[in-house]
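The structure file coords-v1.cif is reproduced below (mmCIF, N, CA and C atoms).
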```cif
data_query
loop_
_atom_site.label_atom_id
_atom_site.label_comp_id
_atom_site.auth_asym_id
_atom_site.auth_seq_id
_atom_site.Cartn_x
_atom_site.Cartn_y
_atom_site.Cartn_z
N MET A 1 118.32 -82.95 166.34
CA MET A 1 117.95 -81.67 165.78
C MET A 1 119.23 -80.90 165.51
N LYS A 2 119.27 -80.29 164.36
CA LYS A 2 120.41 -79.47 163.98
C LYS A 2 119.99 -78.01 164.03
N ILE A 3 120.96 -77.15 164.32
CA ILE A 3 120.69 -75.72 164.35
C ILE A 3 121.73 -75.01 163.49
N ARG A 4 121.26 -74.01 162.79
CA ARG A 4 122.16 -73.12 162.04
C ARG A 4 121.74 -71.70 162.39
N ILE A 5 122.71 -70.92 162.83
CA ILE A 5 122.45 -69.54 163.20
C ILE A 5 123.31 -68.65 162.32
N LYS A 6 122.70 -67.68 161.68
CA LYS A 6 123.43 -66.71 160.87
C LYS A 6 122.74 -65.36 161.03
N ASP A 7 123.51 -64.40 161.51
CA ASP A 7 122.98 -63.05 161.72
C ASP A 7 121.65 -63.12 162.48
N SER A 8 120.58 -62.62 161.90
CA SER A 8 119.29 -62.61 162.60
C SER A 8 118.37 -63.70 162.06
N SER A 9 118.93 -64.90 161.92
CA SER A 9 118.09 -66.02 161.48
C SER A 9 118.53 -67.30 162.18
N ILE A 10 117.56 -68.14 162.46
CA ILE A 10 117.78 -69.44 163.07
C ILE A 10 117.06 -70.48 162.21
N ARG A 11 117.78 -71.54 161.88
CA ARG A 11 117.22 -72.63 161.08
C ARG A 11 117.38 -73.92 161.88
N LEU A 12 116.28 -74.62 162.08
CA LEU A 12 116.28 -75.89 162.80
C LEU A 12 115.84 -77.00 161.85
N ARG A 13 116.63 -78.06 161.82
CA ARG A 13 116.32 -79.20 160.95
C ARG A 13 116.05 -80.42 161.82
N LEU A 14 114.91 -81.06 161.59
CA LEU A 14 114.44 -82.14 162.44
C LEU A 14 114.49 -83.48 161.73
N SER A 15 115.03 -84.48 162.41
CA SER A 15 115.03 -85.85 161.90
C SER A 15 113.66 -86.48 162.14
N LYS A 16 113.48 -87.69 161.64
CA LYS A 16 112.22 -88.41 161.88
C LYS A 16 112.02 -88.62 163.38
N MET A 17 113.08 -88.99 164.10
CA MET A 17 112.98 -89.23 165.53
C MET A 17 112.64 -87.94 166.28
N ASP A 18 113.23 -86.82 165.86
CA ASP A 18 112.91 -85.53 166.49
C ASP A 18 111.43 -85.22 166.35
N ILE A 19 110.90 -85.42 165.16
CA ILE A 19 109.50 -85.10 164.91
C ILE A 19 108.58 -86.04 165.69
N ASN A 20 108.94 -87.31 165.77
CA ASN A 20 108.14 -88.26 166.56
C ASN A 20 108.15 -87.87 168.04
N THR A 21 109.31 -87.52 168.57
CA THR A 21 109.42 -87.12 169.97
C THR A 21 108.61 -85.85 170.23
N LEU A 22 108.72 -84.88 169.34
CA LEU A 22 107.96 -83.64 169.49
C LEU A 22 106.47 -83.92 169.48
N SER A 23 106.04 -84.78 168.58
CA SER A 23 104.62 -85.11 168.47
C SER A 23 104.12 -85.85 169.71
N GLU A 24 104.92 -86.79 170.23
CA GLU A 24 104.49 -87.62 171.35
C GLU A 24 104.68 -86.94 172.70
N GLU A 25 105.78 -86.21 172.86
CA GLU A 25 106.12 -85.65 174.17
C GLU A 25 105.91 -84.14 174.28
N GLY A 26 105.71 -83.47 173.12
CA GLY A 26 105.46 -82.04 173.13
C GLY A 26 106.70 -81.18 173.24
N CYS A 27 107.89 -81.81 173.19
CA CYS A 27 109.12 -81.05 173.35
C CYS A 27 110.31 -81.87 172.86
N ILE A 28 111.28 -81.20 172.24
CA ILE A 28 112.57 -81.82 171.93
C ILE A 28 113.66 -80.86 172.36
N LEU A 29 114.77 -81.41 172.81
CA LEU A 29 115.87 -80.62 173.33
C LEU A 29 117.18 -81.18 172.80
N SER A 30 118.04 -80.30 172.33
CA SER A 30 119.39 -80.67 171.92
C SER A 30 120.38 -79.78 172.67
N GLU A 31 121.58 -80.29 172.84
CA GLU A 31 122.60 -79.56 173.58
C GLU A 31 123.92 -79.59 172.85
N CYS A 32 124.67 -78.51 172.97
CA CYS A 32 126.02 -78.41 172.43
C CYS A 32 126.93 -77.94 173.57
N GLN A 33 127.81 -78.82 174.00
CA GLN A 33 128.74 -78.48 175.08
C GLN A 33 129.85 -77.62 174.49
N ILE A 34 129.83 -76.33 174.80
CA ILE A 34 130.82 -75.39 174.27
C ILE A 34 132.15 -75.57 175.01
N THR A 35 132.10 -75.52 176.34
CA THR A 35 133.24 -75.80 177.20
C THR A 35 132.69 -76.52 178.42
N VAL A 36 133.57 -77.00 179.29
CA VAL A 36 133.12 -77.66 180.51
C VAL A 36 132.25 -76.68 181.30
N GLY A 37 131.04 -77.11 181.61
CA GLY A 37 130.12 -76.26 182.37
C GLY A 37 129.44 -75.17 181.57
N ASN A 38 129.64 -75.15 180.26
CA ASN A 38 129.05 -74.12 179.41
C ASN A 38 128.36 -74.79 178.22
N THR A 39 127.05 -74.92 178.29
CA THR A 39 126.30 -75.65 177.29
C THR A 39 125.24 -74.75 176.65
N LEU A 40 125.17 -74.79 175.32
CA LEU A 40 124.09 -74.12 174.61
C LEU A 40 123.00 -75.17 174.38
N LYS A 41 121.80 -74.87 174.84
CA LYS A 41 120.67 -75.77 174.65
C LYS A 41 119.68 -75.10 173.71
N TYR A 42 119.03 -75.91 172.88
CA TYR A 42 118.00 -75.38 172.00
C TYR A 42 116.88 -76.39 171.94
N MET A 43 115.67 -75.85 172.01
CA MET A 43 114.51 -76.72 172.09
C MET A 43 113.32 -76.16 171.31
N ILE A 44 112.45 -77.08 170.95
CA ILE A 44 111.15 -76.73 170.37
C ILE A 44 110.11 -77.35 171.28
N SER A 45 109.14 -76.57 171.67
CA SER A 45 108.05 -77.09 172.48
C SER A 45 106.72 -76.62 171.91
N LEU A 46 105.71 -77.43 172.15
CA LEU A 46 104.37 -77.08 171.66
C LEU A 46 103.73 -76.04 172.55
N SER A 47 102.89 -75.22 171.94
CA SER A 47 102.25 -74.12 172.65
C SER A 47 100.78 -74.08 172.27
N ASP A 48 99.95 -73.60 173.20
CA ASP A 48 98.53 -73.41 172.89
C ASP A 48 98.26 -72.01 172.37
N LYS A 49 99.32 -71.21 172.22
CA LYS A 49 99.18 -69.86 171.66
C LYS A 49 98.96 -69.96 170.15
N GLU A 50 98.58 -68.84 169.53
CA GLU A 50 98.29 -68.84 168.10
C GLU A 50 99.51 -68.54 167.24
N GLU A 51 100.56 -67.98 167.84
CA GLU A 51 101.73 -67.58 167.06
C GLU A 51 103.00 -68.20 167.62
N ILE A 52 103.98 -68.36 166.75
CA ILE A 52 105.29 -68.83 167.16
C ILE A 52 105.94 -67.77 168.03
N SER A 53 106.63 -68.20 169.06
CA SER A 53 107.39 -67.27 169.90
C SER A 53 108.73 -67.92 170.25
N ILE A 54 109.67 -67.09 170.67
CA ILE A 54 110.99 -67.60 171.02
C ILE A 54 111.53 -66.78 172.18
N LYS A 55 112.27 -67.45 173.04
CA LYS A 55 112.94 -66.74 174.13
C LYS A 55 114.28 -67.43 174.39
N MET A 56 115.17 -66.70 175.03
CA MET A 56 116.44 -67.28 175.41
C MET A 56 116.68 -66.95 176.87
N LYS A 57 116.93 -68.00 177.66
CA LYS A 57 117.15 -67.83 179.09
C LYS A 57 118.08 -68.94 179.56
N TYR A 58 119.07 -68.58 180.36
CA TYR A 58 120.01 -69.56 180.91
C TYR A 58 120.64 -70.42 179.81
N ASN A 59 121.15 -69.77 178.76
CA ASN A 59 121.81 -70.46 177.64
C ASN A 59 120.90 -71.42 176.89
N THR A 60 119.58 -71.23 176.99
CA THR A 60 118.63 -72.10 176.31
C THR A 60 117.74 -71.29 175.38
N ILE A 61 117.73 -71.68 174.12
CA ILE A 61 116.83 -71.09 173.13
C ILE A 61 115.57 -71.96 173.13
N ASP A 62 114.44 -71.36 173.38
CA ASP A 62 113.17 -72.10 173.46
C ASP A 62 112.21 -71.55 172.41
N LEU A 63 111.98 -72.34 171.38
CA LEU A 63 111.04 -71.99 170.33
C LEU A 63 109.71 -72.65 170.63
N LYS A 64 108.68 -71.83 170.76
CA LYS A 64 107.33 -72.33 171.04
C LYS A 64 106.53 -72.30 169.73
N VAL A 65 106.01 -73.47 169.37
CA VAL A 65 105.27 -73.61 168.12
C VAL A 65 103.83 -73.98 168.44
N PRO A 66 102.86 -73.27 167.85
CA PRO A 66 101.46 -73.62 168.08
C PRO A 66 101.16 -75.05 167.66
N TYR A 67 100.41 -75.73 168.47
CA TYR A 67 100.05 -77.12 168.23
C TYR A 67 99.46 -77.31 166.83
N ASP A 68 98.55 -76.43 166.42
CA ASP A 68 97.90 -76.56 165.12
C ASP A 68 98.91 -76.48 163.97
N GLN A 69 99.88 -75.60 164.10
CA GLN A 69 100.88 -75.44 163.05
C GLN A 69 101.76 -76.69 162.96
N LEU A 70 102.10 -77.26 164.10
CA LEU A 70 102.90 -78.47 164.09
C LEU A 70 102.12 -79.64 163.51
N GLU A 71 100.85 -79.74 163.84
CA GLU A 71 100.02 -80.83 163.30
C GLU A 71 100.00 -80.79 161.77
N THR A 72 99.86 -79.61 161.21
CA THR A 72 99.88 -79.47 159.75
C THR A 72 101.22 -79.92 159.20
N PHE A 73 102.28 -79.53 159.84
CA PHE A 73 103.64 -79.90 159.44
C PHE A 73 103.82 -81.42 159.49
N LEU A 74 103.27 -82.07 160.51
CA LEU A 74 103.43 -83.52 160.68
C LEU A 74 102.58 -84.32 159.69
N GLN A 75 101.38 -83.87 159.41
CA GLN A 75 100.45 -84.65 158.61
C GLN A 75 100.64 -84.49 157.11
N ASP A 76 101.07 -83.36 156.68
CA ASP A 76 101.21 -83.10 155.25
C ASP A 76 102.61 -83.46 154.77
N ASP A 77 102.81 -83.32 153.49
CA ASP A 77 104.14 -83.48 152.91
C ASP A 77 104.90 -82.16 152.98
N GLN A 78 104.51 -81.32 153.87
CA GLN A 78 105.13 -80.01 154.04
C GLN A 78 106.57 -80.20 154.50
N VAL A 79 107.49 -79.53 153.81
CA VAL A 79 108.92 -79.63 154.13
C VAL A 79 109.25 -78.84 155.39
N GLY A 80 108.60 -77.70 155.58
CA GLY A 80 108.90 -76.89 156.74
C GLY A 80 107.97 -75.70 156.84
N PHE A 81 108.28 -74.84 157.77
CA PHE A 81 107.53 -73.59 157.92
C PHE A 81 108.49 -72.53 158.42
N ASN A 82 108.14 -71.29 158.13
CA ASN A 82 109.00 -70.18 158.56
C ASN A 82 108.15 -69.02 159.04
N CYS A 83 108.81 -68.13 159.75
CA CYS A 83 108.14 -66.93 160.22
C CYS A 83 109.20 -65.92 160.63
N THR A 84 108.76 -64.72 160.88
CA THR A 84 109.62 -63.68 161.45
C THR A 84 109.00 -63.27 162.77
N VAL A 85 109.81 -63.36 163.82
CA VAL A 85 109.35 -63.04 165.17
C VAL A 85 109.87 -61.66 165.55
N ASP A 86 109.00 -60.85 166.14
CA ASP A 86 109.41 -59.54 166.61
C ASP A 86 110.33 -59.72 167.81
N ASN A 87 111.57 -59.27 167.66
CA ASN A 87 112.52 -59.36 168.76
C ASN A 87 112.95 -57.98 169.25
N GLY A 88 112.20 -56.96 168.83
CA GLY A 88 112.52 -55.60 169.24
C GLY A 88 113.55 -54.92 168.36
N LEU A 89 114.06 -55.62 167.37
CA LEU A 89 115.06 -55.06 166.47
C LEU A 89 114.48 -54.96 165.06
N GLU A 90 115.02 -54.06 164.27
CA GLU A 90 114.55 -53.90 162.90
C GLU A 90 114.71 -55.20 162.12
N GLY A 91 113.66 -55.62 161.47
CA GLY A 91 113.68 -56.84 160.66
C GLY A 91 113.30 -58.09 161.42
N GLY A 92 113.35 -58.05 162.74
CA GLY A 92 112.97 -59.20 163.55
C GLY A 92 113.94 -60.37 163.43
N LEU A 93 113.54 -61.50 163.97
CA LEU A 93 114.31 -62.73 163.92
C LEU A 93 113.61 -63.70 162.99
N LYS A 94 114.31 -64.13 161.95
CA LYS A 94 113.74 -65.07 160.99
C LYS A 94 113.98 -66.49 161.49
N ILE A 95 112.92 -67.29 161.46
CA ILE A 95 112.98 -68.66 161.94
C ILE A 95 112.49 -69.60 160.85
N LEU A 96 113.25 -70.66 160.62
CA LEU A 96 112.88 -71.69 159.66
C LEU A 96 113.00 -73.04 160.36
N VAL A 97 111.93 -73.82 160.32
CA VAL A 97 111.94 -75.18 160.85
C VAL A 97 111.61 -76.09 159.69
N GLU A 98 112.45 -77.12 159.48
CA GLU A 98 112.22 -78.00 158.35
C GLU A 98 112.66 -79.42 158.65
N LYS A 99 112.14 -80.34 157.85
CA LYS A 99 112.55 -81.74 157.94
C LYS A 99 113.97 -81.85 157.40
N ASP A 100 114.75 -82.71 158.02
CA ASP A 100 116.15 -82.90 157.63
C ASP A 100 116.21 -84.04 156.61
N PHE A 101 116.67 -83.71 155.41
CA PHE A 101 116.76 -84.69 154.32
C PHE A 101 118.15 -85.28 154.21
N GLN A 102 118.20 -86.50 153.70
CA GLN A 102 119.48 -87.13 153.40
C GLN A 102 120.18 -86.34 152.30
N CYS A 103 121.50 -86.30 152.37
CA CYS A 103 122.28 -85.60 151.35
C CYS A 103 122.18 -86.36 150.03
N LEU A 104 122.27 -85.64 148.94
CA LEU A 104 122.26 -86.27 147.62
C LEU A 104 123.55 -87.04 147.37
N VAL A 105 124.64 -86.57 147.95
CA VAL A 105 125.93 -87.26 147.87
C VAL A 105 126.21 -87.83 149.26
N PRO A 106 126.15 -89.16 149.42
CA PRO A 106 126.37 -89.76 150.74
C PRO A 106 127.73 -89.39 151.33
N ARG A 107 127.74 -89.21 152.64
CA ARG A 107 128.97 -88.91 153.37
C ARG A 107 129.26 -90.10 154.28
N SER A 108 130.45 -90.65 154.16
CA SER A 108 130.79 -91.87 154.89
C SER A 108 130.79 -91.67 156.41
N HIS A 109 131.02 -90.47 156.89
CA HIS A 109 131.12 -90.21 158.32
C HIS A 109 129.80 -89.83 158.99
N GLU A 110 128.71 -89.84 158.23
CA GLU A 110 127.42 -89.45 158.81
C GLU A 110 126.38 -90.56 158.66
N ASP A 111 125.65 -90.80 159.74
CA ASP A 111 124.55 -91.75 159.70
C ASP A 111 123.29 -90.97 159.35
N GLU A 112 122.75 -91.21 158.18
CA GLU A 112 121.56 -90.49 157.73
C GLU A 112 120.31 -91.38 157.73
N SER A 113 120.39 -92.50 158.41
CA SER A 113 119.28 -93.46 158.40
C SER A 113 118.01 -92.91 159.05
N ASN A 114 118.13 -91.92 159.91
CA ASN A 114 116.99 -91.35 160.61
C ASN A 114 116.47 -90.08 159.91
N LEU A 115 117.03 -89.77 158.74
CA LEU A 115 116.63 -88.56 158.02
C LEU A 115 115.61 -88.91 156.94
N TYR A 116 114.92 -87.91 156.44
CA TYR A 116 113.93 -88.10 155.39
C TYR A 116 114.62 -88.31 154.05
N THR A 117 114.00 -89.11 153.22
CA THR A 117 114.54 -89.33 151.88
C THR A 117 114.46 -88.02 151.12
N ASN A 118 115.56 -87.65 150.50
CA ASN A 118 115.60 -86.40 149.75
C ASN A 118 114.68 -86.51 148.54
N PRO A 119 113.77 -85.55 148.36
CA PRO A 119 112.82 -85.61 147.24
C PRO A 119 113.52 -85.53 145.88
N GLN A 120 114.77 -85.05 145.86
CA GLN A 120 115.50 -84.95 144.60
C GLN A 120 116.34 -86.20 144.31
N ALA A 121 116.30 -87.17 145.24
CA ALA A 121 117.06 -88.40 145.04
C ALA A 121 116.44 -89.22 143.91
N LYS A 122 117.29 -89.85 143.14
CA LYS A 122 116.80 -90.67 142.00
C LYS A 122 116.74 -92.12 142.36
#
```

Now that the file is in, can you turn its structure into structure tokens?
Amino acid sequence: MKIRIKDSSIRLRLSKMDINTLSEEGCILSECQITVGNTLKYMISLSDKEEISIKMKYNTIDLKVPYDQLETFLQDDQVGFNCTVDNGLEGGLKILVEKDFQCLVPRSHEDESNLYTNPQAK
């Protein structure tokens, strides 16, 4: 799972393996070791609630996605879904979750075999 954070928005891109793990186990977790003993963790977990929610605790970002919304995302050709979560600040926190596509121009240093075929590929 990849994460991109800019201002008040978070974008998560999921590989085929990420989506399979989320579907089968109900949770995926990725980690970025910033320094020794200092790790940023980010995860998506399934929820029985009706709305997406997010919290951050102990250097872990936990995005909770309703089971029904994830099922639609998994079964359809839907590229992703987005929402704005009330975080107590004006404008809220914008969240985008999407399937990770292969680049149109291959990069020799990246293994994209676990990514979705780009719909714009010829």

Discussion item. Please report the interatomic distance between atom N of A:Met56 and atom N of A:Leu93 in Å with one decimal.
Written reply: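 Answer for the atom N of A:Met56 to atom N of A:Leu93 separation: 12.3 Å.
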
Discussion item. Around (117.4, -70.1, 164.9), as given in the file, which residues come within 9 Å? Count only C-alpha atoms and list them as a ChimeraX atom specification.
Written reply: /A:3-6,8-12,42,61,63,93-97

Discussion item. Between atom N of A:Pro66 and atom CA of A:Asp7, what is the distance in Å, rounded to a tenth?
Written reply: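 It comes out at 23.4 Å.
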
Worksheet item: In Å, with one decimal, what is the gap from atom CA of A:Tyr67 to atom C of A:Ile52?
Response: 11.1 Å

Discussion item. At a cut-off of 6 Å, using all atoms listed in the file, what residues contact A:Ser15? Leave out same-chain residues fewer than 6 positions from it and give the result as a ChimeraX atom specification.
Written reply: /A:1,99-100,114-116

Item to complete: Just say which residues the PyMOL selection byres (((chain A and resi 30 and name CA) around 8) and name CA) picks in this file, as an MDAnalysis selection string.
Response: chainID A and resid 1 28:29 31:32 41:43

Worksheet item: Looking only at the backbone, which of the residues in chain A does DSSP tag as strand (DSSP E), as an NGL selection string?
Response: :A and (2-6 or 9-14 or 27-35 or 38-47 or 53-57 or 60-66 or 80-85 or 93-99)

Discussion item. List as number ranges by chain the residues having at least one atom at most 12 Å from position (108.9, -77.0, 159.2) as given in the file, counting only C-alpha atoms.
Written reply: A: 11-15, 18-19, 44, 52, 65, 69-83, 95-100

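Ranking A:Ser113, A:Ser53, A:Asn20, A:Ser45 by their shortest atom-to-atom distance to A:Asp86, with all atoms listed in the file included, puts A:Ser53 first.
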
Can you tell me which residues surround A:Asp68 at a distance of at most 8 Å, considering all atoms listed in the file, apart from same-chain residues fewer than 5 positions away, and format the answer as a PDB file with N, CA and C atoms, keeping the file's coordinate frame?
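See around.pdb below for the written result:
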```
ATOM      1  N   LEU A  46     105.710 -77.430 172.150  1.00  0.00           N
ATOM      2  CA  LEU A  46     104.370 -77.080 171.660  1.00  0.00           C
ATOM      3  C   LEU A  46     103.730 -76.040 172.550  1.00  0.00           C
ATOM      4  N   SER A  47     102.890 -75.220 171.940  1.00  0.00           N
ATOM      5  CA  SER A  47     102.250 -74.120 172.650  1.00  0.00           C
ATOM      6  C   SER A  47     100.780 -74.080 172.270  1.00  0.00           C
ATOM      7  N   ASP A  48      99.950 -73.600 173.200  1.00  0.00           N
ATOM      8  CA  ASP A  48      98.530 -73.410 172.890  1.00  0.00           C
ATOM      9  C   ASP A  48      98.260 -72.010 172.370  1.00  0.00           C
ATOM     10  N   LYS A  49      99.320 -71.210 172.220  1.00  0.00           N
ATOM     11  CA  LYS A  49      99.180 -69.860 171.660  1.00  0.00           C
ATOM     12  C   LYS A  49      98.960 -69.960 170.150  1.00  0.00           C
ATOM     13  N   GLU A  50      98.580 -68.840 169.530  1.00  0.00           N
ATOM     14  CA  GLU A  50      98.290 -68.840 168.100  1.00  0.00           C
ATOM     15  C   GLU A  50      99.510 -68.540 167.240  1.00  0.00           C
ATOM     16  N   PHE A  73     102.280 -79.530 159.840  1.00  0.00           N
ATOM     17  CA  PHE A  73     103.640 -79.900 159.440  1.00  0.00           C
ATOM     18  C   PHE A  73     103.820 -81.420 159.490  1.00  0.00           C
ATOM     19  N   LEU A  74     103.270 -82.070 160.510  1.00  0.00           N
ATOM     20  CA  LEU A  74     103.430 -83.520 160.680  1.00  0.00           C
ATOM     21  C   LEU A  74     102.580 -84.320 159.690  1.00  0.00           C
TER      22      LEU A  74
END
```

Item to complete: Enumerate, as a list in words, the complete set of residues in chain A that a backbone-based DSSP assignment places in alpha helix (DSSP H).
Response: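 Those residues are Lys16, Met17, Asp18, Ile19, Asn20, Thr21, Leu22, Ser23, Glu24, Glu25, Tyr67, Asp68, Gln69, Leu70, Glu71, Thr72, Phe73, Leu74 and Gln75 of chain A.
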